[in-house]
Every structure is written in structure tokens, then in C-alpha cells.
Amino acid sequence: MFEAKPIAPTDKPAHYRELHAQLKSLLEGERDPIANMANFSSLVFTLLPDLNWAGFYLMRGDDLVLGPFQGKPACVRIPVRPTPRGVCGACAAQCKTQVVRDVHDFPGHIACDSASNSEIVMPLVVAGKLLGVVDIDSPSIARFDDEDRAGLEAMVATLVAMTDFHTEAAVAA
């Protein structure tokens, strides 16, 4: 049985190395995408400080649709095409991680939770296909930086490597 272990706040790279090790242990032996996305969300939400939402939006046609998450109820559908909306839409359209210091300064920001003030969103790409995005929100301005981006992108890569995502319904990145 997996048990999340509290991580002592030290430097960020060390924190992410420990979080990444726990992710690998949590996903070991399970390849189901829903189960792994749910546990990824829970682990990040539980062990990263100062978050109010962590989860997935999955590509369905021209929209991102809510997937497994931790936090308050969220927006269900976010347009990507023809015009991307919000930070998640921008991430999906550009297929590039978005680190937003203050979401209120982001053109077209979607306020699913009025308590969110900063956000990091990473593309979920499998076999060259965009399957969705990983969205993480914080109530603090400037919560995320390049160390968070590097640590979380490495964790998303591990999720992809340890999960049997089906790409037949994916949209080209």
C-alpha cells in the first residue's frame, strides 16, 4: 500500500526529487490512465504547498474537458479551437508550458475559482499527440517559477512513461 510521506521543506529541487520518487512508487504496477491521473492529482495537491487546485483537462474535439482533479468543482469545458480561452487553452493551443505569475493579468483568464491567483499548466503529450493539459492553481501570486516548471514537467513525463494512454482519440499537437 502506498502512503504519501510528508516532504520537509528544503530547497525546491530537492522537494521535487522526493515528490518525483513518490510519484514513481505510486504509479508502479498500474498503467490505467484514469487511475494514474487521479493519483497524480492527489499526490501533487497533497504534497505541494500553497495550492487550491490540481488536475487534468482532456482534449475532446476542439475543447478541453474536465478530467481527474483535486480541489473545488471546476469549469467543465474550455475552448481551444478556433480561439483558445484561458491559460489551459493557451497551453493546449501552443503545446507549451504556461507559468502565469498573476492570472488576473492573463488575457482571457477563466476564473473557475476566484481564489486562484497564479497558475502553471503543462501539455500532456503522448506519441506526438496532445491528450490534454495538467493544470495547477495557487491562491498566491507568483507561486510558480522555473524550478516548479522543471520539477512538474519531469513528473508529467514520468506519468506519460508509466501509463498506457490511448492516443486514437488524441488531437495532433
# chains A, B, ... in the order shown; residues from 1 in each chain; ligands from 1
call {"tool": "residues_around", "arguments": {"residues": "region 73-89 of chain A", "least_positions_apart": "6", "cutoff": "6 Å", "atoms": "only C-alpha atoms", "output": "PyMOL selection string"}}
result
chain A and resi 62-66+108-110+112
call {"tool": "residues_around", "arguments": {"residues": "Ala54 (chain A)", "least_positions_apart": "3", "cutoff": "6 Å", "atoms": "only C-alpha atoms", "output": "PyMOL selection string"}}
result
chain A and resi 41+45+69-70+135-136
call {"tool": "residues_around", "arguments": {"residues": "Ser138 (chain A)", "least_positions_apart": "5", "cutoff": "7 Å", "atoms": "only C-alpha atoms", "output": "PDB file with C-alpha atoms, in the first residue's frame"}}
result
ATOM      1  CA  ASP A  50       0.059  26.546  -1.308  1.00  0.00           C
ATOM      2  CA  LEU A  51      -2.242  25.005  -3.941  1.00  0.00           C
ATOM      3  CA  ASN A  52      -6.008  25.227  -4.302  1.00  0.00           C
ATOM      4  CA  TRP A  53      -6.466  23.026  -7.418  1.00  0.00           C
ATOM      5  CA  SER A 116      -6.778  31.365  -7.742  1.00  0.00           C
ATOM      6  CA  ASN A 117      -4.097  33.974  -8.344  1.00  0.00           C
ATOM      7  CA  SER A 118      -1.292  32.105 -10.128  1.00  0.00           C
ATOM      8  CA  GLU A 119      -1.195  29.053 -12.347  1.00  0.00           C
ATOM      9  CA  ARG A 143       3.640  30.841  -6.579  1.00  0.00           C
TER      10      ARG A 143
END
call {"tool": "residues_around", "arguments": {"residues": "Leu131 (chain A)", "least_positions_apart": "3", "cutoff": "6 Å", "atoms": "only C-alpha atoms", "output": "list in words"}}
result
Leu58, Met59, Leu124, Val125 and Ala170 of chain A
call {"tool": "write_last_selection", "arguments": {"atoms": "C-alpha atoms", "output": "short mmCIF file (atom, residue, chain, number, x, y, z; two decimals), in the first residue's frame"}}
result
data_model
loop_
_atom_site.label_atom_id
_atom_site.label_comp_id
_atom_site.auth_asym_id
_atom_site.auth_seq_id
_atom_site.Cartn_x
_atom_site.Cartn_y
_atom_site.Cartn_z
CA LEU A 58 -8.50 16.26 -21.67
CA MET A 59 -8.90 17.10 -25.35
CA LEU A 124 0.07 16.21 -21.75
CA VAL A 125 1.60 14.85 -24.96
CA ALA A 170 -5.98 12.44 -29.34
#
call {"tool": "closest_residue", "arguments": {"among": "A:Ile7, A:Lys24, A:Val99, A:Arg60", "to": "Thr46 (chain A)", "atoms": "only C-alpha atoms"}}
result
A:Ile7
call {"tool": "closest_residue", "arguments": {"among": "A:Lys129, A:Arg149, A:His166, A:His20", "to": "Cys95 (chain A)", "atoms": "only C-alpha atoms"}}
result
A:Lys129
call {"tool": "residues_around", "arguments": {"residues": "region 26-38 of chain A", "least_positions_apart": "4", "cutoff": "10 Å", "atoms": "only C-alpha atoms", "output": "VMD selection string"}}
result
chain A and resid 1 to 4 20 to 22 42 to 43 54 to 56 67 to 70 134 156 158 to 166
call {"tool": "atom_distance", "arguments": {"atom1": "CA of Ile120 (chain A)", "atom2": "CA of Asp146 (chain A)"}}
result
10.2 Å
call {"tool": "atom_distance", "arguments": {"atom1": "CA of Asn39 (chain A)", "atom2": "CA of Ala150 (chain A)"}}
result
19.9 Å
call {"tool": "closest_residue", "arguments": {"among": "A:Ala14, A:Phe106, A:Gly71, A:Gly132", "to": "Ala92 (chain A)", "atoms": "only C-alpha atoms"}}
result
A:Gly132
